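Engineer: Structure: structure-v1.cif, mmCIF, C-alpha atoms.
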```cif
data_work
loop_
_atom_site.label_atom_id
_atom_site.label_comp_id
_atom_site.auth_asym_id
_atom_site.auth_seq_id
_atom_site.Cartn_x
_atom_site.Cartn_y
_atom_site.Cartn_z
CA MET A 21 0.00 0.00 0.00
CA TYR A 22 2.70 2.50 0.96
CA GLY A 23 4.32 2.23 -2.46
CA THR A 24 1.40 4.11 -4.04
CA VAL A 25 1.14 6.57 -1.17
CA LYS A 26 4.90 7.15 -1.30
CA ASP A 27 4.72 8.11 -4.97
CA GLN A 28 1.85 10.50 -4.29
CA LEU A 29 3.68 12.15 -1.42
CA ARG A 30 6.91 12.35 -3.42
CA ALA A 31 5.06 14.09 -6.25
CA GLU A 32 3.59 16.61 -3.80
CA LEU A 33 7.01 17.28 -2.26
CA ASP A 34 8.50 17.73 -5.74
CA GLU A 35 5.81 20.30 -6.54
CA ILE A 36 6.68 22.24 -3.39
CA GLU A 37 10.37 22.13 -4.35
CA ALA A 38 9.68 23.22 -7.93
CA ALA A 39 7.68 26.20 -6.67
CA GLY A 40 10.62 27.26 -4.48
CA LEU A 41 8.56 26.81 -1.31
CA THR A 42 10.52 24.05 0.44
CA LYS A 43 11.21 24.95 4.07
CA ARG A 44 14.64 23.82 5.20
CA GLU A 45 15.50 23.76 8.85
CA ARG A 46 18.98 25.00 9.62
CA GLY A 47 20.48 23.43 12.72
CA ILE A 48 22.09 25.78 15.23
CA ARG A 49 24.59 24.78 17.89
CA GLY A 50 24.42 26.26 21.36
CA PRO A 51 21.87 28.60 22.93
CA GLN A 52 19.68 31.15 21.20
CA SER A 53 21.37 34.55 21.10
CA SER A 54 22.17 37.52 18.87
CA GLU A 55 25.04 35.44 17.48
CA ILE A 56 24.65 31.71 16.86
CA GLU A 57 26.65 28.89 15.33
CA VAL A 58 25.23 27.51 12.07
CA ALA A 59 27.06 24.88 10.02
CA GLY A 60 30.24 25.45 11.98
CA ARG A 61 30.40 29.24 11.67
CA GLU A 62 29.22 32.16 13.76
CA VAL A 63 26.42 34.19 12.21
CA LEU A 64 24.35 37.17 13.32
CA ASN A 65 20.84 36.09 14.22
CA PHE A 66 18.16 38.45 12.93
CA CYS A 67 15.20 36.11 12.59
CA ALA A 68 14.36 34.97 16.12
CA ASN A 69 11.41 35.95 18.31
CA ASN A 70 13.85 36.52 21.16
CA TYR A 71 12.66 40.11 21.49
CA LEU A 72 14.01 40.87 24.97
CA GLY A 73 17.08 38.66 24.65
CA LEU A 74 15.92 36.45 27.54
CA ALA A 75 16.23 33.05 25.84
CA ASN A 76 19.62 32.44 27.45
CA ASP A 77 19.49 34.95 30.29
CA PRO A 78 21.54 33.49 33.18
CA ARG A 79 18.86 34.46 35.74
CA ILE A 80 16.23 32.46 33.86
CA VAL A 81 18.57 29.54 33.31
CA ALA A 82 19.36 29.51 37.05
CA ALA A 83 15.65 29.54 37.93
CA ALA A 84 15.07 26.59 35.62
CA HIS A 85 17.96 24.67 37.21
CA ARG A 86 16.56 25.25 40.68
CA ALA A 87 13.14 24.04 39.54
CA LEU A 88 14.59 20.79 38.22
CA ASP A 89 15.99 20.06 41.68
CA GLU A 90 12.88 21.11 43.58
CA TRP A 91 10.02 20.13 41.27
CA GLY A 92 11.45 17.41 39.03
CA TYR A 93 11.58 16.97 35.27
CA GLY A 94 7.94 16.52 34.24
CA LEU A 95 4.40 15.92 35.44
CA ALA A 96 3.69 12.67 33.56
CA SER A 97 -0.01 13.47 33.41
CA VAL A 98 -2.67 15.99 32.52
CA ARG A 99 -3.52 18.48 35.22
CA PHE A 100 -7.04 17.50 36.17
CA ILE A 101 -5.85 13.96 36.97
CA CYS A 102 -2.60 14.52 38.88
CA GLY A 103 -0.55 17.11 37.03
CA THR A 104 -0.95 20.44 38.81
CA GLN A 105 1.86 21.78 40.97
CA GLU A 106 1.83 24.93 43.08
CA LEU A 107 4.40 26.29 40.65
CA HIS A 108 1.88 26.17 37.79
CA LEU A 109 -0.77 27.86 39.90
CA GLU A 110 1.74 30.59 40.75
CA LEU A 111 2.50 31.21 37.06
CA GLU A 112 -1.21 31.54 36.32
CA ARG A 113 -1.55 34.05 39.16
CA ARG A 114 1.47 36.00 37.93
CA VAL A 115 0.24 36.22 34.34
CA SER A 116 -3.22 37.31 35.50
CA GLU A 117 -1.69 39.98 37.74
CA PHE A 118 0.66 41.23 35.03
CA LEU A 119 -2.04 41.48 32.34
CA GLY A 120 -4.86 42.59 34.65
CA TYR A 121 -7.24 39.65 34.16
CA ASP A 122 -9.42 37.67 36.55
CA ASP A 123 -7.74 34.37 35.77
CA THR A 124 -5.34 32.53 33.45
CA ILE A 125 -5.15 28.95 32.21
CA LEU A 126 -1.92 27.39 30.90
CA PHE A 127 -1.59 25.37 27.69
CA SER A 128 1.35 23.53 26.18
CA SER A 129 1.53 26.17 23.42
CA CYS A 130 -0.38 29.21 22.21
CA PHE A 131 -1.40 27.09 19.21
CA ASP A 132 -3.18 24.81 21.69
CA ALA A 133 -4.58 27.79 23.59
CA ASN A 134 -6.16 29.12 20.41
CA GLY A 135 -7.28 25.61 19.55
CA GLY A 136 -9.06 25.27 22.87
CA VAL A 137 -11.08 28.47 23.05
CA PHE A 138 -13.56 28.61 20.19
CA GLU A 139 -15.13 25.16 20.36
CA VAL A 140 -15.87 25.65 24.04
CA LEU A 141 -17.28 29.17 23.94
CA PHE A 142 -19.04 29.43 20.59
CA GLY A 143 -21.64 27.12 19.08
CA PRO A 144 -24.11 27.07 16.16
CA ASP A 145 -26.05 30.07 17.49
CA ASP A 146 -22.93 32.24 17.77
CA ALA A 147 -20.74 34.23 15.37
CA ILE A 148 -16.95 34.51 15.13
CA ILE A 149 -15.71 37.56 13.20
CA SER A 150 -12.03 37.16 12.36
CA ASP A 151 -9.38 39.35 10.72
CA GLU A 152 -8.29 37.82 7.40
CA LEU A 153 -4.61 37.83 8.40
CA ASN A 154 -4.97 36.13 11.75
CA HIS A 155 -2.45 33.46 12.72
CA ALA A 156 -2.91 29.89 11.53
CA SER A 157 -3.63 28.72 15.08
CA ILE A 158 -6.62 31.06 15.27
CA ILE A 159 -7.88 29.84 11.90
CA ASP A 160 -7.54 26.21 12.96
CA GLY A 161 -9.20 26.92 16.30
CA ILE A 162 -12.16 28.57 14.61
CA ARG A 163 -12.55 25.54 12.34
CA LEU A 164 -13.20 23.41 15.43
CA SER A 165 -16.22 25.51 16.34
CA LYS A 166 -19.69 25.10 14.85
CA ALA A 167 -20.25 28.86 15.08
CA GLN A 168 -21.09 31.02 12.09
CA ARG A 169 -17.88 32.39 10.59
CA TYR A 170 -17.29 35.88 9.23
CA ARG A 171 -14.05 37.39 7.99
CA TYR A 172 -13.12 41.04 7.65
CA ARG A 173 -10.32 42.67 5.67
CA ASN A 174 -7.13 43.24 7.61
CA ARG A 175 -7.57 46.13 10.08
CA ASP A 176 -10.51 47.44 8.02
CA MET A 177 -13.03 48.82 10.50
CA THR A 178 -15.66 49.55 7.87
CA ASP A 179 -15.63 45.92 6.79
CA LEU A 180 -15.60 44.76 10.42
CA GLU A 181 -18.72 46.79 11.12
CA ALA A 182 -20.41 45.30 8.06
CA GLN A 183 -19.68 41.80 9.36
CA LEU A 184 -21.00 42.73 12.80
CA VAL A 185 -24.23 43.90 11.19
CA ALA A 186 -24.43 40.63 9.22
CA ALA A 187 -24.00 38.70 12.48
CA SER A 188 -26.54 40.73 14.44
CA ASP A 189 -28.89 37.76 14.96
CA ALA A 190 -26.24 35.63 16.70
CA ARG A 191 -26.53 34.77 20.37
CA ARG A 192 -22.88 35.68 21.00
CA ARG A 193 -20.49 37.62 18.79
CA VAL A 194 -16.72 37.75 19.16
CA ILE A 195 -14.23 39.87 17.23
CA VAL A 196 -10.97 37.95 16.84
CA THR A 197 -7.64 39.56 15.96
CA ASP A 198 -3.91 39.26 16.36
CA GLY A 199 -2.52 42.07 18.48
CA VAL A 200 0.46 42.25 16.10
CA PHE A 201 0.36 40.75 12.61
CA SER A 202 3.64 38.89 12.47
CA MET A 203 4.38 39.16 8.74
CA ASP A 204 3.92 42.94 8.71
CA GLY A 205 4.64 44.14 12.24
CA TYR A 206 1.35 46.09 12.18
CA LEU A 207 -0.69 46.54 15.35
CA ALA A 208 -4.42 45.88 15.36
CA PRO A 209 -6.52 49.05 15.89
CA LEU A 210 -7.83 47.84 19.22
CA ALA A 211 -9.43 51.11 20.30
CA GLU A 212 -11.65 51.13 17.23
CA ILE A 213 -12.30 47.39 17.56
CA CYS A 214 -13.40 47.78 21.18
CA ASP A 215 -15.66 50.70 20.26
CA LEU A 216 -17.37 48.57 17.62
CA ALA A 217 -17.61 45.68 20.09
CA ASP A 218 -19.40 47.96 22.56
CA ARG A 219 -21.75 49.22 19.87
CA TYR A 220 -22.68 45.75 18.63
CA ASP A 221 -22.50 43.88 21.95
CA ALA A 222 -19.54 41.68 20.97
CA LEU A 223 -16.65 40.13 22.86
CA VAL A 224 -13.05 40.93 21.89
CA PHE A 225 -10.36 38.25 21.56
CA VAL A 226 -6.68 39.17 21.00
CA ASP A 227 -3.72 36.86 20.37
CA ASP A 228 -0.90 39.01 21.72
CA SER A 229 2.00 36.61 21.16
CA HIS A 230 4.16 39.19 19.37
CA ALA A 231 3.55 41.94 21.93
CA VAL A 232 3.34 40.79 25.56
CA GLY A 233 6.53 41.61 27.40
CA PHE A 234 7.67 44.55 25.28
CA VAL A 235 4.77 46.46 23.66
CA GLY A 236 3.16 49.11 25.86
CA ALA A 237 4.68 51.32 28.51
CA HIS A 238 4.96 48.41 30.95
CA GLY A 239 5.14 45.56 28.42
CA ARG A 240 1.53 44.48 28.91
CA GLY A 241 0.95 44.26 25.17
CA THR A 242 -1.30 45.84 22.57
CA PRO A 243 -4.25 46.51 24.92
CA GLU A 244 -1.94 48.70 27.01
CA GLN A 245 -0.42 50.31 23.92
CA CYS A 246 -3.88 51.09 22.50
CA GLY A 247 -5.40 52.22 25.81
CA VAL A 248 -8.03 49.49 26.01
CA GLU A 249 -6.96 47.47 29.05
CA GLY A 250 -10.06 46.04 30.71
CA ARG A 251 -12.01 46.10 27.44
CA VAL A 252 -10.44 43.00 25.84
CA ASP A 253 -12.31 39.94 27.10
CA ILE A 254 -9.83 37.23 26.09
CA THR A 255 -6.09 37.44 25.53
CA THR A 256 -3.98 34.50 24.40
CA GLY A 257 -0.22 34.43 24.17
CA THR A 258 2.98 32.44 24.30
CA PHE A 259 5.97 32.10 26.58
CA GLY A 260 8.01 31.10 23.53
CA LYS A 261 8.88 34.61 22.35
CA ALA A 262 9.64 37.61 24.58
CA LEU A 263 8.93 35.83 27.88
CA GLY A 264 12.00 33.62 27.93
CA GLY A 265 11.64 32.04 24.51
CA ALA A 266 10.92 28.50 25.75
CA SER A 267 7.43 27.08 25.20
CA GLY A 268 3.92 27.17 26.55
CA GLY A 269 0.87 29.33 26.07
CA TYR A 270 -2.02 30.76 28.04
CA VAL A 271 -5.50 32.21 27.95
CA SER A 272 -6.11 35.17 30.24
CA ALA A 273 -9.74 36.18 30.49
CA ARG A 274 -12.74 36.87 32.61
CA LYS A 275 -13.34 34.44 35.45
CA GLU A 276 -16.21 32.43 33.98
CA ILE A 277 -14.44 32.02 30.62
CA VAL A 278 -11.37 30.46 32.25
CA GLU A 279 -13.51 28.29 34.50
CA LEU A 280 -15.36 26.86 31.50
CA LEU A 281 -12.09 26.28 29.60
CA ARG A 282 -10.80 24.24 32.56
CA GLN A 283 -13.87 22.02 32.23
CA ARG A 284 -14.05 21.62 28.46
CA ALA A 285 -10.96 22.78 26.54
CA ARG A 286 -9.65 19.58 24.98
CA PRO A 287 -5.98 20.65 24.52
CA TYR A 288 -5.95 21.43 28.26
CA LEU A 289 -7.77 18.31 29.40
CA PHE A 290 -5.85 15.85 27.23
CA SER A 291 -2.29 17.23 27.08
CA ASN A 292 0.45 17.27 29.69
CA THR A 293 1.06 20.66 31.19
CA LEU A 294 4.35 22.56 31.01
CA ALA A 295 7.53 21.11 32.48
CA PRO A 296 8.34 22.66 35.89
CA ALA A 297 11.66 24.09 34.70
CA ILE A 298 9.86 26.05 31.97
CA VAL A 299 7.29 27.31 34.46
CA ALA A 300 9.98 28.52 36.87
CA GLY A 301 11.95 30.18 34.08
CA THR A 302 8.83 31.94 32.84
CA ILE A 303 8.03 33.22 36.33
CA GLU A 304 11.54 34.67 36.48
CA ALA A 305 11.06 36.22 33.03
CA LEU A 306 7.84 37.88 34.18
CA SER A 307 9.64 39.27 37.22
CA LEU A 308 12.35 40.74 35.00
CA VAL A 309 9.83 42.27 32.60
CA ALA A 310 7.65 43.70 35.36
CA GLY A 311 10.60 45.00 37.37
CA SER A 312 12.42 47.04 34.75
CA GLY A 313 11.87 48.72 31.40
CA GLU A 314 15.55 48.60 30.42
CA LEU A 315 15.22 45.73 27.96
CA ARG A 316 12.10 47.24 26.36
CA SER A 317 13.88 50.55 25.94
CA ARG A 318 16.92 48.88 24.37
CA LEU A 319 14.71 46.91 21.99
CA GLN A 320 12.89 50.07 20.88
CA SER A 321 16.20 51.84 20.27
CA ASN A 322 17.56 48.88 18.29
CA ALA A 323 14.45 48.72 16.09
CA ALA A 324 14.55 52.47 15.45
CA LEU A 325 18.26 52.37 14.56
CA PHE A 326 17.83 49.47 12.14
CA ARG A 327 14.85 51.08 10.43
CA SER A 328 16.69 54.37 10.08
CA LEU A 329 19.89 52.86 8.68
CA LEU A 330 18.14 50.59 6.21
CA THR A 331 15.84 53.38 5.00
CA ASP A 332 18.85 55.66 4.47
CA ALA A 333 20.43 52.85 2.44
CA GLY A 334 17.47 52.89 0.05
CA PHE A 335 15.55 49.79 1.13
CA GLU A 336 11.76 49.62 1.18
CA LEU A 337 10.38 48.83 4.63
CA LEU A 338 6.85 48.46 5.82
CA PRO A 339 6.23 51.38 8.17
CA GLY A 340 5.98 50.94 11.91
CA GLU A 341 7.83 50.85 15.22
CA HIS A 342 7.61 47.14 16.02
CA PRO A 343 10.87 45.12 16.11
CA ILE A 344 9.46 43.03 13.26
CA VAL A 345 10.88 44.88 10.25
CA PRO A 346 9.76 43.54 6.84
CA VAL A 347 12.29 44.45 4.13
CA MET A 348 10.30 44.34 0.89
CA PHE A 349 11.65 42.99 -2.41
CA GLY A 350 8.45 41.84 -4.13
CA ASP A 351 9.79 39.06 -6.32
CA ALA A 352 10.09 35.69 -4.56
CA ALA A 353 13.16 34.46 -6.44
CA LEU A 354 14.99 37.76 -5.91
CA THR A 355 14.18 37.69 -2.19
CA ALA A 356 15.50 34.15 -1.87
CA ARG A 357 18.77 35.09 -3.61
CA ILE A 358 19.29 38.07 -1.32
CA ALA A 359 18.58 35.92 1.75
CA ASP A 360 21.16 33.41 0.51
CA ALA A 361 23.67 36.21 -0.06
CA LEU A 362 23.05 37.49 3.46
CA GLN A 363 23.59 34.00 4.86
CA ALA A 364 26.92 33.83 3.00
CA ARG A 365 27.86 37.10 4.69
CA GLY A 366 27.08 35.74 8.14
CA VAL A 367 23.55 37.12 8.65
CA PHE A 368 20.88 34.58 9.57
CA VAL A 369 17.53 35.64 8.04
CA THR A 370 14.59 34.00 6.27
CA ALA A 371 12.86 34.92 3.01
CA PHE A 372 9.06 34.84 2.98
CA SER A 373 6.99 34.53 -0.17
CA PHE A 374 3.60 33.23 -1.31
CA PRO A 375 1.60 31.56 0.20
CA VAL A 376 2.94 32.86 3.53
CA VAL A 377 2.55 36.42 2.21
CA PRO A 378 0.58 37.71 -0.82
CA ARG A 379 1.98 37.21 -4.32
CA GLY A 380 4.32 40.02 -5.27
CA ALA A 381 4.95 40.93 -1.62
CA ALA A 382 7.97 38.73 -0.90
CA ARG A 383 10.15 39.99 1.91
CA ILE A 384 12.89 39.29 4.39
CA ARG A 385 11.43 39.66 7.86
CA VAL A 386 14.11 41.02 10.16
CA GLN A 387 13.49 40.74 13.88
CA LEU A 388 15.39 42.88 16.32
CA SER A 389 16.27 41.88 19.85
CA ALA A 390 17.40 43.71 22.96
CA ALA A 391 20.39 41.37 22.80
CA HIS A 392 21.68 42.98 19.59
CA SER A 393 24.49 45.47 19.96
CA GLU A 394 24.74 48.61 17.82
CA GLU A 395 27.80 47.11 16.12
CA GLU A 396 25.82 43.97 15.20
CA ILE A 397 22.98 46.05 13.77
CA ARG A 398 25.39 48.08 11.64
CA ARG A 399 27.06 44.87 10.39
CA CYS A 400 23.64 43.55 9.42
CA VAL A 401 22.82 46.70 7.45
CA GLU A 402 26.20 46.56 5.69
CA ALA A 403 25.49 42.95 4.73
CA PHE A 404 22.09 43.94 3.31
CA VAL A 405 23.70 46.58 1.13
CA ALA A 406 26.42 44.21 -0.10
CA ALA A 407 23.93 41.40 -0.77
CA ARG A 408 21.63 43.72 -2.73
CA ASP A 409 24.49 45.03 -4.82
CA GLU A 410 25.82 41.56 -5.51
CA VAL A 411 22.44 40.18 -6.61
CA SER A 412 21.74 43.26 -8.74
CA ALA A 413 25.12 42.96 -10.47
CA SER A 414 24.50 39.31 -11.33
CA ALA A 415 20.96 39.85 -12.65
#
```
Rewrite the coordinates I just gave you, this time as structure tokens.

Structural biologist:
Amino acid sequence: MYGTVKDQLRAELDEIEAAGLTKRERGIRGPQSSEIEVAGREVLNFCANNYLGLANDPRIVAAAHRALDEWGYGLASVRFICGTQELHLELERRVSEFLGYDDTILFSSCFDANGGVFEVLFGPDDAIISDELNHASIIDGIRLSKAQRYRYRNRDMTDLEAQLVAASDARRRVIVTDGVFSMDGYLAPLAEICDLADRYDALVFVDDSHAVGFVGAHGRGTPEQCGVEGRVDITTGTFGKALGGASGGYVSARKEIVELLRQRARPYLFSNTLAPAIVAGTIEALSLVAGSGELRSRLQSNAALFRSLLTDAGFELLPGEHPIVPVMFGDAALTARIADALQARGVFVTAFSFPVVPRGAARIRVQLSAAHSEEEIRRCVEAFVAARDEVSASA
């Protein structure tokens, strides 16, 4: 039987390769940092979600080591059977306190968090109104629900209002958006979204994975940045980016929402919870983020410097202030060649093209970190200029 299936799969893989869409994982040696070892050489890392540079922070590593000694390696079970430790309860309390929510529930990833929400809260009589550029985990989570589904154009409030009108007969309505759209670095217009939610009696759901820890005056994410704290009903996020860069996700929400998720969210009920070392490291990361704005300030300065230098060098960037900086080239093949040329010059980046981004909008998504030095940023810009000139000369 597999002989036939093998041929079918091989043909599909060959089509992906022919279209230039094959994703190749590049092994790195050692910890995540602004400089990493790839294929035996040191390269500058400008494509990680390590926004605050905490992925190898010695304070977080030490907290994780202590947790291994005190709490063990793993839970070996799901929480409602025998897998909850006081450490996990403490992390839920800390996240709730930091974000200003009634309660928080942990998941093994934000993908699972988004996969657990919609089926539980929204049924055939309800309506989910989702931004067209929302993350794949949101899309997959919505597919699990039997609710009516509406989609509005990215950050288009006129279209969102039209969808709210179309869903006016639903029992419950929820507006669903990323806080930051990861391919563009754009923030959702949460003030306008919350105003529409109030007008049409809708809930607001925000996946703030690319914001919590460093967006907003205190790092509380896009609701803080947009002045709508207390008006967003459900926030999901990850510990795998700014908050230590390990793994795990959460839903922070109103009390009854979290209580119902504990009873019915399948990724929570049927998956092991986070390893204790990750929980302890994340608690330490939250303490560092809440206790000082130094890393946020450094990250903002690094992003501003990179944007300024690359703009002065004649590159087209999508506008914004987020440390996600899309450098636009348009043509997919051209973008891939420039990414390869950057790799040859010791700069670790990734080219993105269709279907990850729209046709004709291929880009290299650069991600700044508080761990980057000014010298590393300037070396990266110099490599961009040299790579562009080299590819242009060979065209």

Engineer: Out of A:Leu306, A:Ala353, A:Ala75, A:Ala59, which residue has the shortest atom-to-atom distance to Ala415 of chain A when counting only C-alpha atoms?

Structural biologist: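 Answer, going by the shortest atom-to-atom distance: A:Ala353.
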
Engineer: Segment 165-282 of chain A near segment 302-305 of chain A within 8 Å: what's each residue's closest atom pair and its distance in Å to one decimal, counting only C-alpha atoms, ordered by chain then ascending residue number, as a Markdown table?

Structural biologist:
```
| residue | atom | partner | partner_atom | distance |
| --- | --- | --- | --- | --- |
| A:Phe259 | CA | A:Thr302 | CA | 6.9 |
| A:Leu263 | CA | A:Ala305 | CA | 5.6 |
| A:Gly264 | CA | A:Ala305 | CA | 5.8 |
```

Engineer: How would the residues just picked look written out with C-alpha atoms as a PDB file, in the coordinates of the input?

Structural biologist:
```pdb
ATOM      1  CA  PHE A 259       5.970  32.100  26.580  1.00  0.00           C
ATOM      2  CA  LEU A 263       8.930  35.830  27.880  1.00  0.00           C
ATOM      3  CA  GLY A 264      12.000  33.620  27.930  1.00  0.00           C
TER       4      GLY A 264
END
```

Engineer: List the residues sitting within 10 Å of (13.9, 31.2, 3.8) in the file's frame, using only C-alpha atoms, as a list in words.

Structural biologist: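 The residues near that point, listed by chain and number, are Gly40, Leu41, Thr42, Lys43, Arg44, Glu45, Arg46, Thr355, Ala356, Arg357, Ala359, Asp360, Phe368, Val369, Thr370, Ala371, Phe372, Ser373, Arg383, Ile384 and Arg385 of chain A.
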
Engineer: Tell me, as JSON, numbers by chain, which residues lie within 8 Å of Gly257 of chain A, counting only C-alpha atoms; anything in the same chain fewer than 4 positions away does not count.

Structural biologist: {"A": [130, 133, 227, 228, 229, 232, 269, 270, 271]}

Engineer: For Gly311 of chain A, please output as JSON, numbers by chain all residues within 12 Å (counting all atoms listed in the file; exclusion window: fewer than 3 positions along the same chain).

Structural biologist: {"A": [118, 233, 238, 239, 304, 305, 306, 307, 308, 314, 315, 316]}

Engineer: Since we have the selection now, will you write its residues out, keeping C-alpha atoms, as a PDB file, in the frame of the given file?

Structural biologist:
```pdb
ATOM      1  CA  PHE A 118       0.660  41.230  35.030  1.00  0.00           C
ATOM      2  CA  GLY A 233       6.530  41.610  27.400  1.00  0.00           C
ATOM      3  CA  HIS A 238       4.960  48.410  30.950  1.00  0.00           C
ATOM      4  CA  GLY A 239       5.140  45.560  28.420  1.00  0.00           C
ATOM      5  CA  GLU A 304      11.540  34.670  36.480  1.00  0.00           C
ATOM      6  CA  ALA A 305      11.060  36.220  33.030  1.00  0.00           C
ATOM      7  CA  LEU A 306       7.840  37.880  34.180  1.00  0.00           C
ATOM      8  CA  SER A 307       9.640  39.270  37.220  1.00  0.00           C
ATOM      9  CA  LEU A 308      12.350  40.740  35.000  1.00  0.00           C
ATOM     10  CA  GLU A 314      15.550  48.600  30.420  1.00  0.00           C
ATOM     11  CA  LEU A 315      15.220  45.730  27.960  1.00  0.00           C
ATOM     12  CA  ARG A 316      12.100  47.240  26.360  1.00  0.00           C
TER      13      ARG A 316
END
```

Engineer: I need the residue nearest Ala391 of chain A from this list: A:Ala323, A:Leu74, A:Val58, A:Cys67. Use all atoms listed in the file for the distance.

Structural biologist: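 The shortest atom-to-atom distance to Ala391 of chain A comes from A:Leu74.
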
Engineer: Please tell me which residues are no farther than 6 Å from (14.1, 40.8, 10.6) in the file, counting all atoms listed in the file, and write them as number ranges by chain.

Structural biologist: A: 66-67, 344-345, 385-387

Engineer: Counting all atoms listed in the file, what is within 7 Å of Gly73 of chain A, bar same-chain residues fewer than 3 positions away, as a tab-separated table (two decimals) with C-alpha atoms, in the coordinates of the input?

Structural biologist:
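Dumped to result-v2.tsv:
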```tsv
chain	number	residue	atom	x	y	z
A	53	SER	CA	21.37	34.55	21.10
A	70	ASN	CA	13.85	36.52	21.16
A	389	SER	CA	16.27	41.88	19.85
A	390	ALA	CA	17.40	43.71	22.96
A	391	ALA	CA	20.39	41.37	22.80
```

Engineer: Could you tell me which of A:Leu294, A:Val405, A:Val367, A:Ile148 comes closest to Ile56 of chain A if we count all atoms listed in the file?

Structural biologist: A:Val367

Engineer: Given the PyMOL selection byres ((chain A and resi 186-199) around 6) and the file above, list the residues it selects as a list in words.

Structural biologist: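 Matching residues under the PyMOL selection byres ((chain A and resi 186-199) around 6) are Asp145, Asp146, Ala147, Ile148, Ile149, Ser150, Asp151, Asn154, Gln183, Leu184, Val185, Val200, Phe201, Leu207, Ala208, Ala222, Leu223, Val224, Phe225, Val226, Asp227, Asp228 and Thr242 of chain A.
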
Engineer: In Å, with one decimal, what is the gap from atom CA of Tyr170 of chain A to atom CA of Gly143 of chain A?

Structural biologist: 13.9 Å

Engineer: Find the residue from A:Ala403, A:Leu281, A:Ile125, A:Leu64 that sits nearest to Val137 of chain A; use all atoms listed in the file when measuring.

Structural biologist: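 Residue with the minimum atom-to-atom distance to Val137 of chain A: A:Leu281.
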
Engineer: For Leu164 of chain A, list every protein, DNA or RNA residue within 12 Å, evaluated using only C-alpha atoms, and leave out those in the same chain fewer than 4 positions away; present the list as a VMD selection string.

Structural biologist: chain A and resid 132 134 to 144 148 157 to 160 168 to 169 285 to 287

Engineer: Output the selection as a PDB file, in the coordinates of the input - C-alpha atoms for each residue.

Structural biologist:
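Output file part12.pdb is given in full below:
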```
ATOM      1  CA  ASP A 132      -3.180  24.810  21.690  1.00  0.00           C
ATOM      2  CA  ASN A 134      -6.160  29.120  20.410  1.00  0.00           C
ATOM      3  CA  GLY A 135      -7.280  25.610  19.550  1.00  0.00           C
ATOM      4  CA  GLY A 136      -9.060  25.270  22.870  1.00  0.00           C
ATOM      5  CA  VAL A 137     -11.080  28.470  23.050  1.00  0.00           C
ATOM      6  CA  PHE A 138     -13.560  28.610  20.190  1.00  0.00           C
ATOM      7  CA  GLU A 139     -15.130  25.160  20.360  1.00  0.00           C
ATOM      8  CA  VAL A 140     -15.870  25.650  24.040  1.00  0.00           C
ATOM      9  CA  LEU A 141     -17.280  29.170  23.940  1.00  0.00           C
ATOM     10  CA  PHE A 142     -19.040  29.430  20.590  1.00  0.00           C
ATOM     11  CA  GLY A 143     -21.640  27.120  19.080  1.00  0.00           C
ATOM     12  CA  PRO A 144     -24.110  27.070  16.160  1.00  0.00           C
ATOM     13  CA  ILE A 148     -16.950  34.510  15.130  1.00  0.00           C
ATOM     14  CA  SER A 157      -3.630  28.720  15.080  1.00  0.00           C
ATOM     15  CA  ILE A 158      -6.620  31.060  15.270  1.00  0.00           C
ATOM     16  CA  ILE A 159      -7.880  29.840  11.900  1.00  0.00           C
ATOM     17  CA  ASP A 160      -7.540  26.210  12.960  1.00  0.00           C
ATOM     18  CA  GLN A 168     -21.090  31.020  12.090  1.00  0.00           C
ATOM     19  CA  ARG A 169     -17.880  32.390  10.590  1.00  0.00           C
ATOM     20  CA  ALA A 285     -10.960  22.780  26.540  1.00  0.00           C
ATOM     21  CA  ARG A 286      -9.650  19.580  24.980  1.00  0.00           C
ATOM     22  CA  PRO A 287      -5.980  20.650  24.520  1.00  0.00           C
TER      23      PRO A 287
END
```

Engineer: Mind giving me the straight-line distance from atom CA of Asp89 of chain A to atom CA of Glu106 of chain A in Å, one decimal?

Structural biologist: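 Going from atom CA of Asp89 of chain A over to atom CA of Glu106 of chain A, I get 15.0 Å.
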
Engineer: To one decimal place in Å, what is the distance between atom CA of Val401 of chain A and atom CA of Leu330 of chain A?

Structural biologist: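 Computed distance, atom CA of Val401 of chain A to atom CA of Leu330 of chain A, equals 6.2 Å.
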
Engineer: The PyMOL selection byres ((chain A and resi 124) around 9) on the file shown: which residues, as a PyMOL selection string?

Structural biologist: chain A and resi 111-116+121-123+125-126+270-275+278

Engineer: Pick out the residues sitting within 8 Å of Gly260 of chain A, and hand them over as an NGL selection string; count all atoms listed in the file, and ignore anything fewer than 6 positions along from it in its own chain.

Structural biologist: :A and (69 or 266-269)

Engineer: Go through the shown structure with the PyMOL selection byres ((chain A and resi 247) around 12) and write out the matching residues as a list in words.

Structural biologist: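 Listing what the PyMOL selection byres ((chain A and resi 247) around 12) selects in the shown file: Pro209, Leu210, Ala211, Glu212, Ile213, Cys214, Asp215, Val235, Gly236, Ala237, Arg240, Gly241, Thr242, Pro243, Glu244, Gln245, Cys246, Val248, Glu249, Gly250, Arg251 and Val252 of chain A.
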
Engineer: Which of these, A:Ala182, A:Ala381, A:Ala83, A:Leu29, has the shortest distance to Phe349 of chain A once you count only C-alpha atoms?

Structural biologist: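 Of the candidates, the smallest distance to Phe349 of chain A is held by A:Ala381.
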